[in-house]
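Participant: Mind having a look at this structure? Questions to follow.
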Amino acid sequence: MKPNEQLREVETVLRSTLYISSTGNMYRNYHDTGTWDYVHPRCDSHGKMCGYKNKTIQRLIAEAWLEPPGATTKKNRLPTVRTIDPQKNPYNVENIEWCYGRRCTSDKIDIKLPPKLELLQE
């Protein structure tokens, strides 16, 4: 059954397509059967929530939902993703933005786990 959320495509491969919502929920649609599966995020060794190809959930949301950044870094990469207000949900498209340079590293961000994964915080 297709999810009720609005989704944007992250990646298409031969057998399936990965989608992400504006709040960070990931779903995979299998082309051969037409079924939808919820994709569970995982925690990396630094405690960040990751999804497809070791990208953080915040980066996946930014790449799918935010306007492409106007410029790239010196090494021709996309800029860093930053949480605007650390007191709000860091996995919401309205609370993240692209940022460049020292502005990204000077802010300490306290990443909160989604309610489904609070038990893994230890």
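Chain labels follow the order of the structure tokens: the first chain is A, the next B, and so on; residue numbering restarts at 1 in every chain, and ligands are counted from 1 in their shown order.
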Hey, what's within 7 Å of range 30-38 of chain A if we count only C-alpha atoms and toss same-chain stuff fewer than 6 positions away? As a PyMOL selection string, please?
Facilitator: chain A and resi 1-2+15-17
Participant: Keeping only N, CA, C and O atoms, write the selected residues as a short mmCIF file (atom, residue, chain, number, x, y, z; two decimals), in the first residue's frame.
Facilitator:
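What ended up in again19.cif:
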```cif
data_model
loop_
_atom_site.label_atom_id
_atom_site.label_comp_id
_atom_site.auth_asym_id
_atom_site.auth_seq_id
_atom_site.Cartn_x
_atom_site.Cartn_y
_atom_site.Cartn_z
N MET A 1 0.84 -1.17 0.00
CA MET A 1 0.00 0.00 0.00
C MET A 1 0.89 1.24 0.00
O MET A 1 1.83 1.34 0.78
N LYS A 2 0.59 2.19 -0.86
CA LYS A 2 1.39 3.41 -0.97
C LYS A 2 1.20 4.28 0.28
O LYS A 2 0.09 4.41 0.80
N ARG A 15 15.61 -2.78 -9.75
CA ARG A 15 14.45 -3.45 -9.17
C ARG A 15 13.53 -2.54 -8.36
O ARG A 15 12.36 -2.85 -8.17
N SER A 16 14.03 -1.41 -7.85
CA SER A 16 13.22 -0.61 -6.95
C SER A 16 13.59 0.87 -7.01
O SER A 16 14.60 1.24 -7.59
N THR A 17 12.74 1.68 -6.37
CA THR A 17 12.97 3.12 -6.24
C THR A 17 12.84 3.49 -4.78
O THR A 17 11.90 3.05 -4.11
#
```
Participant: Show which residues sit within 10 Å of Asn54 in chain A, as JSON, numbers by chain. Count only C-alpha atoms, and ignore same-chain residues fewer than 3 positions away.
Facilitator: {"A": [42, 43, 44, 48, 49, 50, 51, 57, 60]}
Participant: Selection from above, all heavy atoms, as a JSON list (two decimals), in the first residue's frame, can you write it?
Facilitator:
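again.json written:
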```json
[["chain", "number", "residue", "atom", "x", "y", "z"],
["A", 42, "ARG", "N", 19.35, 3.71, 10.16],
["A", 42, "ARG", "CA", 20.27, 3.08, 11.10],
["A", 42, "ARG", "C", 21.19, 4.14, 11.67],
["A", 42, "ARG", "O", 21.33, 5.22, 11.12],
["A", 42, "ARG", "CB", 21.06, 1.98, 10.41],
["A", 42, "ARG", "CG", 21.82, 2.47, 9.23],
["A", 42, "ARG", "CD", 22.55, 1.35, 8.51],
["A", 42, "ARG", "NE", 23.16, 1.85, 7.32],
["A", 42, "ARG", "CZ", 24.14, 2.73, 7.26],
["A", 42, "ARG", "NH1", 24.66, 3.20, 8.36],
["A", 42, "ARG", "NH2", 24.62, 3.15, 6.13],
["A", 43, "CYS", "N", 21.83, 3.84, 12.78],
["A", 43, "CYS", "CA", 22.77, 4.76, 13.42],
["A", 43, "CYS", "C", 24.18, 4.38, 13.00],
["A", 43, "CYS", "O", 24.55, 3.21, 13.02],
["A", 43, "CYS", "CB", 22.67, 4.68, 14.93],
["A", 43, "CYS", "SG", 21.15, 5.34, 15.59],
["A", 44, "ASP", "N", 24.99, 5.38, 12.65],
["A", 44, "ASP", "CA", 26.39, 5.10, 12.35],
["A", 44, "ASP", "C", 27.20, 5.16, 13.63],
["A", 44, "ASP", "O", 26.66, 5.31, 14.73],
["A", 44, "ASP", "CB", 26.93, 6.05, 11.27],
["A", 44, "ASP", "CG", 27.03, 7.49, 11.74],
["A", 44, "ASP", "OD1", 26.67, 7.80, 12.89],
["A", 44, "ASP", "OD2", 27.47, 8.33, 10.94],
["A", 48, "LYS", "N", 24.74, 9.35, 14.26],
["A", 48, "LYS", "CA", 23.90, 10.04, 13.29],
["A", 48, "LYS", "C", 23.00, 9.04, 12.59],
["A", 48, "LYS", "O", 23.39, 7.91, 12.33],
["A", 48, "LYS", "CB", 24.75, 10.77, 12.25],
["A", 48, "LYS", "CG", 25.55, 11.91, 12.82],
["A", 48, "LYS", "CD", 26.31, 12.63, 11.75],
["A", 48, "LYS", "CE", 27.11, 13.77, 12.35],
["A", 48, "LYS", "NZ", 27.85, 14.48, 11.32],
["A", 49, "MET", "N", 21.79, 9.47, 12.29],
["A", 49, "MET", "CA", 20.84, 8.62, 11.58],
["A", 49, "MET", "C", 21.18, 8.60, 10.11],
["A", 49, "MET", "O", 21.26, 9.65, 9.47],
["A", 49, "MET", "CB", 19.42, 9.15, 11.77],
["A", 49, "MET", "CG", 18.98, 9.21, 13.20],
["A", 49, "MET", "SD", 18.95, 7.61, 13.99],
["A", 49, "MET", "CE", 17.75, 6.81, 13.00],
["A", 50, "CYS", "N", 21.40, 7.41, 9.56],
["A", 50, "CYS", "CA", 21.81, 7.27, 8.16],
["A", 50, "CYS", "C", 20.79, 6.46, 7.38],
["A", 50, "CYS", "O", 20.03, 5.69, 7.92],
["A", 50, "CYS", "CB", 23.16, 6.58, 8.06],
["A", 50, "CYS", "SG", 24.49, 7.57, 8.71],
["A", 51, "GLY", "N", 20.84, 6.67, 6.07],
["A", 51, "GLY", "CA", 19.96, 5.94, 5.17],
["A", 51, "GLY", "C", 20.76, 5.39, 4.01],
["A", 51, "GLY", "O", 21.78, 4.73, 4.19],
["A", 57, "ILE", "N", 20.18, 11.25, 7.23],
["A", 57, "ILE", "CA", 18.78, 11.51, 6.88],
["A", 57, "ILE", "C", 18.61, 12.98, 6.52],
["A", 57, "ILE", "O", 17.89, 13.32, 5.59],
["A", 57, "ILE", "CB", 17.85, 11.09, 8.04],
["A", 57, "ILE", "CG1", 17.99, 9.61, 8.36],
["A", 57, "ILE", "CG2", 16.41, 11.45, 7.74],
["A", 57, "ILE", "CD1", 17.56, 8.69, 7.26],
["A", 60, "LEU", "N", 19.78, 13.53, 2.94],
["A", 60, "LEU", "CA", 18.82, 12.97, 1.99],
["A", 60, "LEU", "C", 17.59, 13.87, 1.85],
["A", 60, "LEU", "O", 17.11, 14.09, 0.74],
["A", 60, "LEU", "CB", 18.41, 11.56, 2.42],
["A", 60, "LEU", "CG", 19.48, 10.49, 2.31],
["A", 60, "LEU", "CD1", 18.99, 9.19, 2.95],
["A", 60, "LEU", "CD2", 19.85, 10.25, 0.86]]
```
Participant: For Ser22 in chain A, which residue among A:Gln87, A:Ser45, A:Asn95, A:Thr80 is the nearest when counting only C-alpha atoms?
Facilitator: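 Of the candidates, the smallest distance to Ser22 in chain A is held by A:Asn95.
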Participant: What residues in chain A get the DSSP label strand (DSSP E or B)? Please answer as a PDB file with N, CA, C and O atoms, in the first residue's frame.
Facilitator:
```pdb
ATOM      1  N   LEU A   7       5.976  12.236  -1.179  1.00  0.00           N
ATOM      2  CA  LEU A   7       7.307  11.662  -1.300  1.00  0.00           C
ATOM      3  C   LEU A   7       8.056  12.257  -2.479  1.00  0.00           C
ATOM      4  O   LEU A   7       7.456  12.687  -3.455  1.00  0.00           O
ATOM      5  N   ARG A   8       9.382  12.240  -2.360  1.00  0.00           N
ATOM      6  CA  ARG A   8      10.262  12.614  -3.469  1.00  0.00           C
ATOM      7  C   ARG A   8      11.267  11.497  -3.679  1.00  0.00           C
ATOM      8  O   ARG A   8      11.700  10.839  -2.745  1.00  0.00           O
ATOM      9  N   GLU A   9      11.656  11.314  -4.922  1.00  0.00           N
ATOM     10  CA  GLU A   9      12.566  10.236  -5.287  1.00  0.00           C
ATOM     11  C   GLU A   9      13.991  10.543  -4.859  1.00  0.00           C
ATOM     12  O   GLU A   9      14.486  11.644  -5.047  1.00  0.00           O
ATOM     13  N   VAL A  10      14.656   9.532  -4.298  1.00  0.00           N
ATOM     14  CA  VAL A  10      16.057   9.657  -3.904  1.00  0.00           C
ATOM     15  C   VAL A  10      16.942   8.903  -4.887  1.00  0.00           C
ATOM     16  O   VAL A  10      17.945   9.416  -5.351  1.00  0.00           O
ATOM     17  N   GLU A  11      16.528   7.671  -5.210  1.00  0.00           N
ATOM     18  CA  GLU A  11      17.376   6.821  -6.038  1.00  0.00           C
ATOM     19  C   GLU A  11      16.528   5.768  -6.729  1.00  0.00           C
ATOM     20  O   GLU A  11      15.583   5.244  -6.155  1.00  0.00           O
ATOM     21  N   THR A  12      16.852   5.503  -7.997  1.00  0.00           N
ATOM     22  CA  THR A  12      16.195   4.441  -8.741  1.00  0.00           C
ATOM     23  C   THR A  12      17.242   3.442  -9.198  1.00  0.00           C
ATOM     24  O   THR A  12      18.257   3.824  -9.766  1.00  0.00           O
ATOM     25  N   SER A  16      14.034  -1.414  -7.851  1.00  0.00           N
ATOM     26  CA  SER A  16      13.217  -0.609  -6.945  1.00  0.00           C
ATOM     27  C   SER A  16      13.589   0.866  -7.010  1.00  0.00           C
ATOM     28  O   SER A  16      14.599   1.242  -7.585  1.00  0.00           O
ATOM     29  N   THR A  17      12.740   1.683  -6.372  1.00  0.00           N
ATOM     30  CA  THR A  17      12.970   3.118  -6.242  1.00  0.00           C
ATOM     31  C   THR A  17      12.836   3.488  -4.776  1.00  0.00           C
ATOM     32  O   THR A  17      11.902   3.049  -4.108  1.00  0.00           O
ATOM     33  N   LEU A  18      13.770   4.309  -4.278  1.00  0.00           N
ATOM     34  CA  LEU A  18      13.749   4.769  -2.898  1.00  0.00           C
ATOM     35  C   LEU A  18      13.178   6.173  -2.858  1.00  0.00           C
ATOM     36  O   LEU A  18      13.591   7.034  -3.640  1.00  0.00           O
ATOM     37  N   TYR A  19      12.226   6.410  -1.955  1.00  0.00           N
ATOM     38  CA  TYR A  19      11.585   7.704  -1.781  1.00  0.00           C
ATOM     39  C   TYR A  19      11.787   8.172  -0.348  1.00  0.00           C
ATOM     40  O   TYR A  19      11.950   7.365   0.558  1.00  0.00           O
ATOM     41  N   ILE A  20      11.732   9.503  -0.151  1.00  0.00           N
ATOM     42  CA  ILE A  20      11.832  10.068   1.197  1.00  0.00           C
ATOM     43  C   ILE A  20      10.778  11.153   1.356  1.00  0.00           C
ATOM     44  O   ILE A  20      10.488  11.892   0.408  1.00  0.00           O
ATOM     45  N   SER A  21      10.207  11.249   2.550  1.00  0.00           N
ATOM     46  CA  SER A  21       9.219  12.294   2.843  1.00  0.00           C
ATOM     47  C   SER A  21       9.937  13.516   3.399  1.00  0.00           C
ATOM     48  O   SER A  21      11.131  13.478   3.702  1.00  0.00           O
ATOM     49  N   MET A  26      11.543   6.986   4.995  1.00  0.00           N
ATOM     50  CA  MET A  26      11.984   6.443   3.709  1.00  0.00           C
ATOM     51  C   MET A  26      11.150   5.217   3.346  1.00  0.00           C
ATOM     52  O   MET A  26      10.846   4.392   4.205  1.00  0.00           O
ATOM     53  N   TYR A  27      10.810   5.134   2.064  1.00  0.00           N
ATOM     54  CA  TYR A  27      10.024   4.019   1.548  1.00  0.00           C
ATOM     55  C   TYR A  27      10.662   3.514   0.262  1.00  0.00           C
ATOM     56  O   TYR A  27      11.223   4.277  -0.508  1.00  0.00           O
ATOM     57  N   ARG A  28      10.545   2.217   0.034  1.00  0.00           N
ATOM     58  CA  ARG A  28      11.053   1.616  -1.193  1.00  0.00           C
ATOM     59  C   ARG A  28       9.879   0.996  -1.942  1.00  0.00           C
ATOM     60  O   ARG A  28       9.077   0.262  -1.367  1.00  0.00           O
ATOM     61  N   ASN A  29       9.776   1.311  -3.239  1.00  0.00           N
ATOM     62  CA  ASN A  29       8.755   0.751  -4.109  1.00  0.00           C
ATOM     63  C   ASN A  29       9.422  -0.234  -5.058  1.00  0.00           C
ATOM     64  O   ASN A  29      10.309   0.137  -5.822  1.00  0.00           O
ATOM     65  N   TYR A  30       8.995  -1.506  -4.981  1.00  0.00           N
ATOM     66  CA  TYR A  30       9.557  -2.540  -5.843  1.00  0.00           C
ATOM     67  C   TYR A  30       8.788  -2.568  -7.155  1.00  0.00           C
ATOM     68  O   TYR A  30       7.562  -2.709  -7.167  1.00  0.00           O
ATOM     69  N   TRP A  36       5.182  -1.622  -1.496  1.00  0.00           N
ATOM     70  CA  TRP A  36       5.888  -0.549  -0.806  1.00  0.00           C
ATOM     71  C   TRP A  36       6.380  -1.093   0.536  1.00  0.00           C
ATOM     72  O   TRP A  36       5.628  -1.757   1.242  1.00  0.00           O
ATOM     73  N   ASP A  37       7.626  -0.773   0.900  1.00  0.00           N
ATOM     74  CA  ASP A  37       8.184  -1.161   2.189  1.00  0.00           C
ATOM     75  C   ASP A  37       8.770   0.065   2.874  1.00  0.00           C
ATOM     76  O   ASP A  37       9.378   0.916   2.224  1.00  0.00           O
ATOM     77  N   TYR A  38       8.577   0.124   4.194  1.00  0.00           N
ATOM     78  CA  TYR A  38       9.210   1.171   4.987  1.00  0.00           C
ATOM     79  C   TYR A  38      10.679   0.801   5.156  1.00  0.00           C
ATOM     80  O   TYR A  38      11.017  -0.337   5.478  1.00  0.00           O
ATOM     81  N   VAL A  39      11.583   1.760   4.936  1.00  0.00           N
ATOM     82  CA  VAL A  39      13.016   1.521   5.091  1.00  0.00           C
ATOM     83  C   VAL A  39      13.445   2.107   6.425  1.00  0.00           C
ATOM     84  O   VAL A  39      13.315   3.309   6.658  1.00  0.00           O
ATOM     85  N   ARG A  42      19.351   3.714  10.160  1.00  0.00           N
ATOM     86  CA  ARG A  42      20.273   3.080  11.098  1.00  0.00           C
ATOM     87  C   ARG A  42      21.195   4.141  11.667  1.00  0.00           C
ATOM     88  O   ARG A  42      21.331   5.224  11.117  1.00  0.00           O
ATOM     89  N   CYS A  43      21.828   3.836  12.781  1.00  0.00           N
ATOM     90  CA  CYS A  43      22.770   4.757  13.416  1.00  0.00           C
ATOM     91  C   CYS A  43      24.184   4.377  13.003  1.00  0.00           C
ATOM     92  O   CYS A  43      24.549   3.208  13.015  1.00  0.00           O
ATOM     93  N   MET A  49      21.789   9.469  12.286  1.00  0.00           N
ATOM     94  CA  MET A  49      20.837   8.620  11.582  1.00  0.00           C
ATOM     95  C   MET A  49      21.182   8.600  10.107  1.00  0.00           C
ATOM     96  O   MET A  49      21.264   9.648   9.469  1.00  0.00           O
ATOM     97  N   CYS A  50      21.400   7.411   9.555  1.00  0.00           N
ATOM     98  CA  CYS A  50      21.807   7.267   8.156  1.00  0.00           C
ATOM     99  C   CYS A  50      20.786   6.461   7.377  1.00  0.00           C
ATOM    100  O   CYS A  50      20.027   5.688   7.924  1.00  0.00           O
ATOM    101  N   THR A  56      23.431  10.920   5.711  1.00  0.00           N
ATOM    102  CA  THR A  56      22.553  11.172   6.849  1.00  0.00           C
ATOM    103  C   THR A  56      21.147  11.459   6.349  1.00  0.00           C
ATOM    104  O   THR A  56      20.943  11.871   5.204  1.00  0.00           O
ATOM    105  N   THR A  80      27.381  21.663   3.248  1.00  0.00           N
ATOM    106  CA  THR A  80      26.927  20.933   4.423  1.00  0.00           C
ATOM    107  C   THR A  80      25.467  21.267   4.713  1.00  0.00           C
ATOM    108  O   THR A  80      24.984  22.340   4.371  1.00  0.00           O
ATOM    109  N   VAL A  81      24.779  20.359   5.366  1.00  0.00           N
ATOM    110  CA  VAL A  81      23.397  20.582   5.799  1.00  0.00           C
ATOM    111  C   VAL A  81      23.430  20.940   7.272  1.00  0.00           C
ATOM    112  O   VAL A  81      24.113  20.300   8.063  1.00  0.00           O
ATOM    113  N   ARG A  82      22.687  21.977   7.644  1.00  0.00           N
ATOM    114  CA  ARG A  82      22.696  22.474   9.018  1.00  0.00           C
ATOM    115  C   ARG A  82      21.274  22.572   9.556  1.00  0.00           C
ATOM    116  O   ARG A  82      20.349  22.908   8.823  1.00  0.00           O
ATOM    117  N   THR A  83      21.099  22.283  10.846  1.00  0.00           N
ATOM    118  CA  THR A  83      19.809  22.455  11.510  1.00  0.00           C
ATOM    119  C   THR A  83      19.664  23.915  11.908  1.00  0.00           C
ATOM    120  O   THR A  83      20.563  24.485  12.534  1.00  0.00           O
ATOM    121  N   ILE A  96      15.967  22.642   8.211  1.00  0.00           N
ATOM    122  CA  ILE A  96      17.335  22.429   7.723  1.00  0.00           C
ATOM    123  C   ILE A  96      17.624  23.364   6.560  1.00  0.00           C
ATOM    124  O   ILE A  96      16.710  23.852   5.896  1.00  0.00           O
ATOM    125  N   GLU A  97      18.911  23.619   6.352  1.00  0.00           N
ATOM    126  CA  GLU A  97      19.336  24.499   5.264  1.00  0.00           C
ATOM    127  C   GLU A  97      20.742  24.118   4.828  1.00  0.00           C
ATOM    128  O   GLU A  97      21.474  23.454   5.554  1.00  0.00           O
ATOM    129  N   TRP A  98      21.108  24.551   3.617  1.00  0.00           N
ATOM    130  CA  TRP A  98      22.477  24.393   3.139  1.00  0.00           C
ATOM    131  C   TRP A  98      23.328  25.459   3.806  1.00  0.00           C
ATOM    132  O   TRP A  98      22.865  26.580   4.029  1.00  0.00           O
ATOM    133  N   CYS A  99      24.569  25.145   4.141  1.00  0.00           N
ATOM    134  CA  CYS A  99      25.447  26.169   4.706  1.00  0.00           C
ATOM    135  C   CYS A  99      26.881  25.938   4.229  1.00  0.00           C
ATOM    136  O   CYS A  99      27.260  24.829   3.866  1.00  0.00           O
TER     137      CYS A  99
END
```
Participant: Could you tell me, as a ChimeraX atom specification, which residues of range 15-88 of chain A DSSP assigns to helix (DSSP H, G or I) when given the backbone?
Facilitator: /A:52-54,57-65
Participant: Please report the interatomic distance between CA of Arg77 in chain A and CA of Ala64 in chain A in Å with one decimal.
Facilitator: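 Spanning CA of Arg77 in chain A to CA of Ala64 in chain A is a straight-line distance of 15.9 Å.
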Participant: Would you mind reading off the distance between CA of Gly101 in chain A and CA of Thr73 in chain A, one decimal, in Å?
Facilitator: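 Atom-to-atom, CA of Gly101 in chain A and CA of Thr73 in chain A are spaced 8.7 Å apart.
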